[in-house]
Amino acid sequence: MNITATAAGDWALGDVVVHRMGFGAMRITPNSDRSVAIQVLRRAVELGVNHIDTAAFYRSPGGTLGVGEGEVRYANELIREALAPYPDGLVITTKVGPGEDPERGFHHAATAAELRAQVETNLRQLGVDCLDVVNLRIMKKPGADSIVERFGALADLRGAGLIRQLGISNVRTDHLDEALAIAPVTCVQNSYAIDLRREEDELIRRCAERDIAYVPFFAIAGAQRETGTAPDHSGAVEKVAAQHGASPQQIRLAWTLHQGPNVLAIPGTGNPSHLEENIAAGAIRLSPDELASLG
Ligand SMILES: NC(=O)c1ccc[n+]([C@@H]2O[C@H](COP(=O)([O-])OP(=O)(O)OC[C@H]3O[C@@H](n4cnc5c(N)ncnc54)[C@H](OP(=O)(O)O)[C@@H]3O)[C@@H](O)[C@H]2O)c1
C-alpha cells in the first residue's frame, strides 16, 4: 500500500494548504536514542506530512532518562536537525503561553515579556526568522482567564514580523470570540477524541463557520491523555477496526478526520511503525453506519 498524508485531504491553514494528516512532536523526546526521533521526523515528511506541531517545552527531562548528564532533547532542535533546510510548504506550528519556573513548573500565565521570550526561544531552536503558526496555549483559571492581553501581545509580535499566523489552545468559545476581536485566528487546538470532551462539537462547528482549523490533541490517547495510548478502546472501535483490517488507533484517527473538513490530525509518536500506521489511517473512509456506531 502506498502510504501518504495526501490521502487525508487538504485544508487551508490561513494562506498555506496542508494535508489534514499531520504530526505531533511531543512524543519524540522520550527515546534516549535521538536517531530514532530524527528517523521518525524525516519519514513523516517523506510520507507527505507538511504540518508538524511542536513546542519549545517539548523536551526530555535531562539526566533522568539514561542520557548523558545534562543532555536535554528538545523537540524543536530535533526538528531542525532532521529537517532544516525546511522543505517548501512545511508548516511548523508551535505554542507559547504557560509561564514556567524551575521549582513550580508551568504554574502561571506568561506575561507579555515572557511570551516574547518564548517566541524568541522557538525562533532560535527552529532556526527560522519567522514562526509559521503560534498558538497561545492557556491554562484555564476560572474567573480570571481572559486571553485579551496575551493574545494582543502575540498579535503585536505578528505585527513585528516574528509570527505569520496565530492560533489558540485549550480554549472555550468565548476565548475564540475574544481572540477574533484582536487578530485573525488560523487554528484552535484543544483535547478531543471519541471518548474525550465531546462537548467540543459546538466549537468545531463555530470554527468551521469561520474557516478556522480545529486541531485536536489526544485523538489516540483519548481519556488517557498525557500517559499515552488508550488501552481501553470501546467494543465499537474494536469492531470497526476489525471490519477495516485496521488498528483501533487508526480508527480513532479516521474518526477524528470525519468530524469535519476543518479538523486536522496531529498524532504523536516516537515509534517509526506507529508513524506509518497513523499516516495510513488518513485513507480510511468510515460509512455513516460505522460513524453512528462509534458515537
Ligand atoms: N496544545 C496542547 O496543550 C497539547 C497538549 C498535548 C499534546 N499536544 C500536541 O498534540 C499531539 C498529539 O497528542 P499526543 O501525542 O499527546 O497524543 P496522541 O497522538 O493522541 O497519542 C499519542 C500516544 O499514543 C501512542 N501511539 C501513537 N500512535 C500509535 C499507534 N499507531 N499505535 C499505538 N500507539 C500509538 C504514542 O506512543 P508511541 O510513541 O509509542 O507511539 C503515545 O503514547 C502531541 O504530539 C503534541 O504535538 C498539544
# chains A, B, ... in the order shown; residues from 1 in each chain; ligands from 1
$ residues_near_ligand --ligand "ligand 1" --cutoff "6 Å" --atoms "only C-alpha atoms and all ligand atoms" --output "PDB file with C-alpha atoms, in the first residue's frame"
ATOM      1  CA  GLY A  24       2.674  15.957  16.753  1.00  0.00           C
ATOM      2  CA  ALA A  25       6.237  16.208  18.047  1.00  0.00           C
ATOM      3  CA  MET A  26       5.535  15.801  21.772  1.00  0.00           C
ATOM      4  CA  ARG A  27       6.380  12.087  21.733  1.00  0.00           C
ATOM      5  CA  ASP A  53       3.022  20.569  15.813  1.00  0.00           C
ATOM      6  CA  THR A  54       5.679  21.359  18.398  1.00  0.00           C
ATOM      7  CA  SER A 169      -5.184  26.292  22.510  1.00  0.00           C
ATOM      8  CA  GLN A 189      -6.041  23.318  19.320  1.00  0.00           C
ATOM      9  CA  PHE A 217      -4.718  16.602  20.531  1.00  0.00           C
ATOM     10  CA  PHE A 218      -5.100  13.234  22.335  1.00  0.00           C
ATOM     11  CA  ALA A 219      -7.042  11.810  19.349  1.00  0.00           C
ATOM     12  CA  ILE A 220      -5.373   8.454  20.018  1.00  0.00           C
ATOM     13  CA  ALA A 221      -4.625   8.758  23.731  1.00  0.00           C
ATOM     14  CA  GLU A 226      -0.511  12.520  28.615  1.00  0.00           C
ATOM     15  CA  GLY A 228      -0.292   7.789  26.273  1.00  0.00           C
ATOM     16  CA  THR A 229      -2.035   5.176  24.263  1.00  0.00           C
ATOM     17  CA  GLN A 249      -5.673   3.706  16.921  1.00  0.00           C
ATOM     18  CA  ILE A 266      -1.612  15.650  14.688  1.00  0.00           C
ATOM     19  CA  PRO A 267      -0.970  12.163  16.109  1.00  0.00           C
ATOM     20  CA  GLY A 268       2.142  11.972  18.261  1.00  0.00           C
ATOM     21  CA  THR A 269       4.539   9.066  18.194  1.00  0.00           C
ATOM     22  CA  GLY A 270       8.190   8.291  18.662  1.00  0.00           C
ATOM     23  CA  ASN A 271       7.759   4.898  17.016  1.00  0.00           C
ATOM     24  CA  HIS A 274       3.226   3.700  14.558  1.00  0.00           C
ATOM     25  CA  GLU A 277       0.179   3.252  10.670  1.00  0.00           C
ATOM     26  CA  ASN A 278      -1.083   6.690  11.670  1.00  0.00           C
TER      27      ASN A 278
END
$ select_by_dssp --residues "stretch 117-276 of chain A" --states "alpha helix (DSSP H)" --output "ChimeraX atom specification"
/A:117-126,148-159,173-180,201-209,235-244,248-257,272-276
$ atom_distance --atom1 "atom CA of A:Ala155" --atom2 "atom CA of A:Pro216"
22.9 Å
$ residues_around --residues "stretch 99-115 of chain A" --least-positions-apart "4" --cutoff "12 Å" --atoms "only C-alpha atoms" --output "number ranges by chain"
A: 56-57, 95, 119-122, 134-141, 144-157, 162
$ residues_around --residues "stretch 1-16 of chain A" --least-positions-apart "5" --cutoff "9 Å" --atoms "only C-alpha atoms" --output "MDAnalysis selection string"
chainID A and resid 21:22 44:50 89 91 165 184:187 211:213 254 257 261:264 276:277 279:284
$ closest_residue --among "A:Lys239, A:Arg59, A:Arg198, A:Arg172" --to "A:Ala37" --atoms "only C-alpha atoms"
A:Arg59
$ closest_residue --among "A:Ala246, A:Pro288, A:Val237, A:Gly260" --to "A:Glu209" --atoms "only C-alpha atoms"
A:Gly260
$ closest_residue --among "A:Ala183, A:Val96, A:Ala223, A:Cys207" --to "A:Ala117" --atoms "only C-alpha atoms"
A:Val96
$ residues_around --residues "A:Asp174" --least-positions-apart "3" --cutoff "10 Å" --atoms "only C-alpha atoms" --output "list in words"
Ser146, Ile147, Val171, Asp177, Glu178, Ala179, Leu180 and Leu203 of chain A
$ write_last_selection --atoms "C-alpha atoms" --output "short mmCIF file (atom, residue, chain, number, x, y, z; two decimals), in the first residue's frame"
data_model
loop_
_atom_site.label_atom_id
_atom_site.label_comp_id
_atom_site.auth_asym_id
_atom_site.auth_seq_id
_atom_site.Cartn_x
_atom_site.Cartn_y
_atom_site.Cartn_z
CA SER A 146 -9.35 36.37 29.64
CA ILE A 147 -6.86 36.00 26.80
CA VAL A 171 -9.82 27.33 25.00
CA ASP A 177 -14.55 35.45 20.35
CA GLU A 178 -12.00 37.45 22.36
CA ALA A 179 -9.17 36.46 20.03
CA LEU A 180 -11.12 37.17 16.83
CA LEU A 203 -16.68 24.76 18.98
#
$ closest_residue --among "A:Gln125, A:Gln243, A:Thr93, A:Gln39" --to "A:Phe23" --atoms "only C-alpha atoms"
A:Thr93
$ select_by_dssp --residues "stretch 26-197 of chain A" --states "strand (DSSP E)" --output "VMD selection string"
chain A and resid 51 to 53 91 to 96 98 to 101 105 to 109 131 to 137 163 to 169 187 to 189
$ write_last_selection --atoms "N, CA, C and O atoms" --output "tab-separated table (two decimals), in the first residue's frame"
chain	number	residue	atom	x	y	z
A	51	HIS	N	2.56	19.35	8.05
A	51	HIS	CA	2.09	20.13	9.21
A	51	HIS	C	2.59	19.43	10.47
A	51	HIS	O	2.16	18.31	10.78
A	52	ILE	N	3.54	20.07	11.14
A	52	ILE	CA	4.13	19.48	12.35
A	52	ILE	C	3.83	20.40	13.53
A	52	ILE	O	4.06	21.61	13.46
A	53	ASP	N	3.30	19.80	14.60
A	53	ASP	CA	3.02	20.57	15.81
A	53	ASP	C	4.16	20.38	16.81
A	53	ASP	O	4.64	19.26	17.01
A	91	VAL	N	4.71	23.40	7.24
A	91	VAL	CA	4.21	24.35	8.24
A	91	VAL	C	4.53	23.80	9.63
A	91	VAL	O	4.12	22.69	9.96
A	92	ILE	N	5.27	24.56	10.40
A	92	ILE	CA	5.58	24.15	11.77
A	92	ILE	C	4.78	25.05	12.71
A	92	ILE	O	4.94	26.27	12.70
A	93	THR	N	3.91	24.42	13.47
A	93	THR	CA	3.06	25.15	14.41
A	93	THR	C	3.63	24.95	15.81
A	93	THR	O	3.86	23.82	16.24
A	94	THR	N	3.86	26.05	16.50
A	94	THR	CA	4.36	25.90	17.87
A	94	THR	C	3.39	26.58	18.84
A	94	THR	O	2.36	27.12	18.43
A	95	LYS	N	3.71	26.48	20.12
A	95	LYS	CA	2.79	27.07	21.10
A	95	LYS	C	3.58	27.73	22.22
A	95	LYS	O	4.69	27.28	22.57
A	96	VAL	N	3.01	28.79	22.75
A	96	VAL	CA	3.61	29.50	23.88
A	96	VAL	C	2.48	29.80	24.85
A	96	VAL	O	1.32	29.65	24.52
A	98	PRO	N	2.27	28.97	28.68
A	98	PRO	CA	2.46	28.65	30.10
A	98	PRO	C	3.76	29.27	30.61
A	98	PRO	O	4.81	29.11	29.99
A	99	GLY	N	3.67	30.02	31.72
A	99	GLY	CA	4.88	30.53	32.35
A	99	GLY	C	5.46	29.42	33.20
A	99	GLY	O	4.73	28.60	33.74
A	100	GLU	N	6.77	29.39	33.29
A	100	GLU	CA	7.41	28.26	33.96
A	100	GLU	C	8.50	28.76	34.88
A	100	GLU	O	9.17	29.73	34.57
A	101	ASP	N	8.64	28.13	36.04
A	101	ASP	CA	9.86	28.36	36.80
A	101	ASP	C	10.38	27.01	37.29
A	101	ASP	O	9.64	26.03	37.34
A	105	GLY	N	7.36	24.51	37.99
A	105	GLY	CA	6.96	24.08	36.65
A	105	GLY	C	6.06	25.10	35.99
A	105	GLY	O	6.21	26.30	36.20
A	106	PHE	N	5.09	24.60	35.21
A	106	PHE	CA	4.17	25.50	34.49
A	106	PHE	C	3.09	25.93	35.46
A	106	PHE	O	2.14	25.20	35.69
A	107	HIS	N	3.21	27.09	36.03
A	107	HIS	CA	2.27	27.43	37.09
A	107	HIS	C	1.56	28.75	36.88
A	107	HIS	O	0.64	29.07	37.60
A	108	HIS	N	1.94	29.53	35.90
A	108	HIS	CA	1.25	30.81	35.73
A	108	HIS	C	1.17	31.15	34.25
A	108	HIS	O	1.88	30.57	33.42
A	109	ALA	N	0.27	32.08	33.94
A	109	ALA	CA	0.14	32.54	32.56
A	109	ALA	C	1.32	33.47	32.25
A	109	ALA	O	1.61	34.39	33.03
A	131	LEU	N	8.06	32.51	12.73
A	131	LEU	CA	7.36	31.25	13.03
A	131	LEU	C	6.10	31.15	12.18
A	131	LEU	O	5.35	32.13	12.05
A	132	ASP	N	5.85	29.96	11.62
A	132	ASP	CA	4.69	29.80	10.72
A	132	ASP	C	3.37	30.05	11.46
A	132	ASP	O	2.55	30.84	11.02
A	133	VAL	N	3.17	29.30	12.54
A	133	VAL	CA	1.93	29.44	13.32
A	133	VAL	C	2.29	29.34	14.80
A	133	VAL	O	3.06	28.46	15.20
A	134	VAL	N	1.76	30.26	15.59
A	134	VAL	CA	1.97	30.19	17.05
A	134	VAL	C	0.61	30.16	17.73
A	134	VAL	O	-0.23	31.04	17.54
A	135	ASN	N	0.40	29.11	18.53
A	135	ASN	CA	-0.80	29.02	19.35
A	135	ASN	C	-0.55	29.63	20.72
A	135	ASN	O	0.48	29.33	21.34
A	136	LEU	N	-1.49	30.43	21.18
A	136	LEU	CA	-1.45	30.84	22.59
A	136	LEU	C	-2.10	29.72	23.38
A	136	LEU	O	-3.30	29.47	23.28
A	137	ARG	N	-1.29	29.00	24.16
A	137	ARG	CA	-1.80	27.87	24.95
A	137	ARG	C	-2.08	28.39	26.35
A	137	ARG	O	-1.17	28.85	27.05
A	163	ILE	N	5.93	36.31	13.61
A	163	ILE	CA	4.94	35.22	13.51
A	163	ILE	C	4.09	35.47	12.27
A	163	ILE	O	3.69	36.62	12.02
A	164	ARG	N	3.81	34.38	11.51
A	164	ARG	CA	2.93	34.56	10.33
A	164	ARG	C	1.46	34.46	10.71
A	164	ARG	O	0.65	35.27	10.30
A	165	GLN	N	1.12	33.42	11.50
A	165	GLN	CA	-0.29	33.20	11.80
A	165	GLN	C	-0.46	32.80	13.26
A	165	GLN	O	0.43	32.19	13.85
A	166	LEU	N	-1.66	33.09	13.78
A	166	LEU	CA	-1.91	32.84	15.20
A	166	LEU	C	-3.02	31.83	15.42
A	166	LEU	O	-3.98	31.75	14.64
A	167	GLY	N	-2.90	31.10	16.51
A	167	GLY	CA	-3.96	30.19	16.93
A	167	GLY	C	-4.11	30.26	18.44
A	167	GLY	O	-3.38	31.01	19.12
A	168	ILE	N	-5.06	29.49	18.96
A	168	ILE	CA	-5.27	29.45	20.41
A	168	ILE	C	-5.47	27.99	20.83
A	168	ILE	O	-5.92	27.17	20.02
A	169	SER	N	-5.14	27.69	22.07
A	169	SER	CA	-5.18	26.29	22.51
A	169	SER	C	-5.67	26.18	23.94
A	169	SER	O	-5.34	27.01	24.79
A	187	CYS	N	-6.14	28.66	13.78
A	187	CYS	CA	-6.46	27.32	14.29
A	187	CYS	C	-6.77	27.36	15.78
A	187	CYS	O	-6.33	28.27	16.50
A	188	VAL	N	-7.57	26.38	16.18
A	188	VAL	CA	-7.88	26.16	17.59
A	188	VAL	C	-7.40	24.75	17.92
A	188	VAL	O	-7.74	23.81	17.22
A	189	GLN	N	-6.59	24.63	18.97
A	189	GLN	CA	-6.04	23.32	19.32
A	189	GLN	C	-6.49	22.94	20.73
A	189	GLN	O	-6.07	23.54	21.71
$ atom_distance --atom1 "atom CA of A:Glu77" --atom2 "atom CA of A:Arg43"
16.7 Å
$ closest_residue --among "A:Val215, A:Ala208, A:Leu286, A:Cys130" --to "A:Gln250" --atoms "only C-alpha atoms"
A:Leu286
$ closest_residue --among "A:His258, A:Arg42, A:Arg124, A:Arg34" --to "A:Ala292" --atoms "only C-alpha atoms"
A:His258
$ decode --residues "stretch 204-223 of chain A" --atoms "N, CA and C atoms" --output "PDB file, in the first residue's frame"
ATOM      1  N   ILE A 204     -16.166  23.100  17.264  1.00  0.00           N
ATOM      2  CA  ILE A 204     -15.717  22.673  15.928  1.00  0.00           C
ATOM      3  C   ILE A 204     -16.596  23.334  14.865  1.00  0.00           C
ATOM      4  N   ARG A 205     -17.909  23.339  15.119  1.00  0.00           N
ATOM      5  CA  ARG A 205     -18.841  23.932  14.167  1.00  0.00           C
ATOM      6  C   ARG A 205     -18.558  25.434  14.008  1.00  0.00           C
ATOM      7  N   ARG A 206     -18.331  26.091  15.129  1.00  0.00           N
ATOM      8  CA  ARG A 206     -18.083  27.541  15.055  1.00  0.00           C
ATOM      9  C   ARG A 206     -16.773  27.839  14.331  1.00  0.00           C
ATOM     10  N   CYS A 207     -15.780  26.993  14.533  1.00  0.00           N
ATOM     11  CA  CYS A 207     -14.524  27.168  13.791  1.00  0.00           C
ATOM     12  C   CYS A 207     -14.780  26.982  12.297  1.00  0.00           C
ATOM     13  N   ALA A 208     -15.555  25.935  11.950  1.00  0.00           N
ATOM     14  CA  ALA A 208     -15.813  25.648  10.531  1.00  0.00           C
ATOM     15  C   ALA A 208     -16.487  26.842   9.867  1.00  0.00           C
ATOM     16  N   GLU A 209     -17.435  27.465  10.570  1.00  0.00           N
ATOM     17  CA  GLU A 209     -18.152  28.628  10.005  1.00  0.00           C
ATOM     18  C   GLU A 209     -17.183  29.756   9.650  1.00  0.00           C
ATOM     19  N   ARG A 210     -16.071  29.808  10.378  1.00  0.00           N
ATOM     20  CA  ARG A 210     -15.116  30.910  10.164  1.00  0.00           C
ATOM     21  C   ARG A 210     -13.845  30.462   9.434  1.00  0.00           C
ATOM     22  N   ASP A 211     -13.885  29.258   8.831  1.00  0.00           N
ATOM     23  CA  ASP A 211     -12.708  28.718   8.121  1.00  0.00           C
ATOM     24  C   ASP A 211     -11.492  28.595   9.039  1.00  0.00           C
ATOM     25  N   ILE A 212     -11.743  28.280  10.294  1.00  0.00           N
ATOM     26  CA  ILE A 212     -10.645  28.087  11.251  1.00  0.00           C
ATOM     27  C   ILE A 212     -10.436  26.585  11.439  1.00  0.00           C
ATOM     28  N   ALA A 213      -9.176  26.159  11.394  1.00  0.00           N
ATOM     29  CA  ALA A 213      -8.897  24.740  11.611  1.00  0.00           C
ATOM     30  C   ALA A 213      -9.108  24.392  13.084  1.00  0.00           C
ATOM     31  N   TYR A 214      -9.689  23.227  13.310  1.00  0.00           N
ATOM     32  CA  TYR A 214      -9.792  22.690  14.674  1.00  0.00           C
ATOM     33  C   TYR A 214      -8.812  21.508  14.720  1.00  0.00           C
ATOM     34  N   VAL A 215      -7.833  21.591  15.615  1.00  0.00           N
ATOM     35  CA  VAL A 215      -6.731  20.623  15.620  1.00  0.00           C
ATOM     36  C   VAL A 215      -6.703  19.908  16.978  1.00  0.00           C
ATOM     37  N   PRO A 216      -7.349  18.740  17.062  1.00  0.00           N
ATOM     38  CA  PRO A 216      -7.419  18.089  18.362  1.00  0.00           C
ATOM     39  C   PRO A 216      -6.128  17.380  18.747  1.00  0.00           C
ATOM     40  N   PHE A 217      -5.787  17.471  20.018  1.00  0.00           N
ATOM     41  CA  PHE A 217      -4.718  16.602  20.531  1.00  0.00           C
ATOM     42  C   PHE A 217      -5.348  15.528  21.417  1.00  0.00           C
ATOM     43  N   PHE A 218      -4.620  14.441  21.621  1.00  0.00           N
ATOM     44  CA  PHE A 218      -5.100  13.234  22.335  1.00  0.00           C
ATOM     45  C   PHE A 218      -6.135  12.460  21.521  1.00  0.00           C
ATOM     46  N   ALA A 219      -6.093  12.576  20.174  1.00  0.00           N
ATOM     47  CA  ALA A 219      -7.042  11.810  19.349  1.00  0.00           C
ATOM     48  C   ALA A 219      -6.866  10.308  19.563  1.00  0.00           C
ATOM     49  N   ILE A 220      -5.637   9.882  19.762  1.00  0.00           N
ATOM     50  CA  ILE A 220      -5.373   8.454  20.018  1.00  0.00           C
ATOM     51  C   ILE A 220      -5.418   8.187  21.514  1.00  0.00           C
ATOM     52  N   ALA A 221      -4.733   8.991  22.280  1.00  0.00           N
ATOM     53  CA  ALA A 221      -4.625   8.758  23.731  1.00  0.00           C
ATOM     54  C   ALA A 221      -5.978   8.893  24.424  1.00  0.00           C
ATOM     55  N   GLY A 222      -6.861   9.722  23.872  1.00  0.00           N
ATOM     56  CA  GLY A 222      -8.194   9.875  24.449  1.00  0.00           C
ATOM     57  C   GLY A 222      -8.131  10.187  25.933  1.00  0.00           C
ATOM     58  N   ALA A 223      -8.962   9.487  26.691  1.00  0.00           N
ATOM     59  CA  ALA A 223      -9.078   9.765  28.119  1.00  0.00           C
ATOM     60  C   ALA A 223      -7.784   9.472  28.882  1.00  0.00           C
TER      61      ALA A 223
END
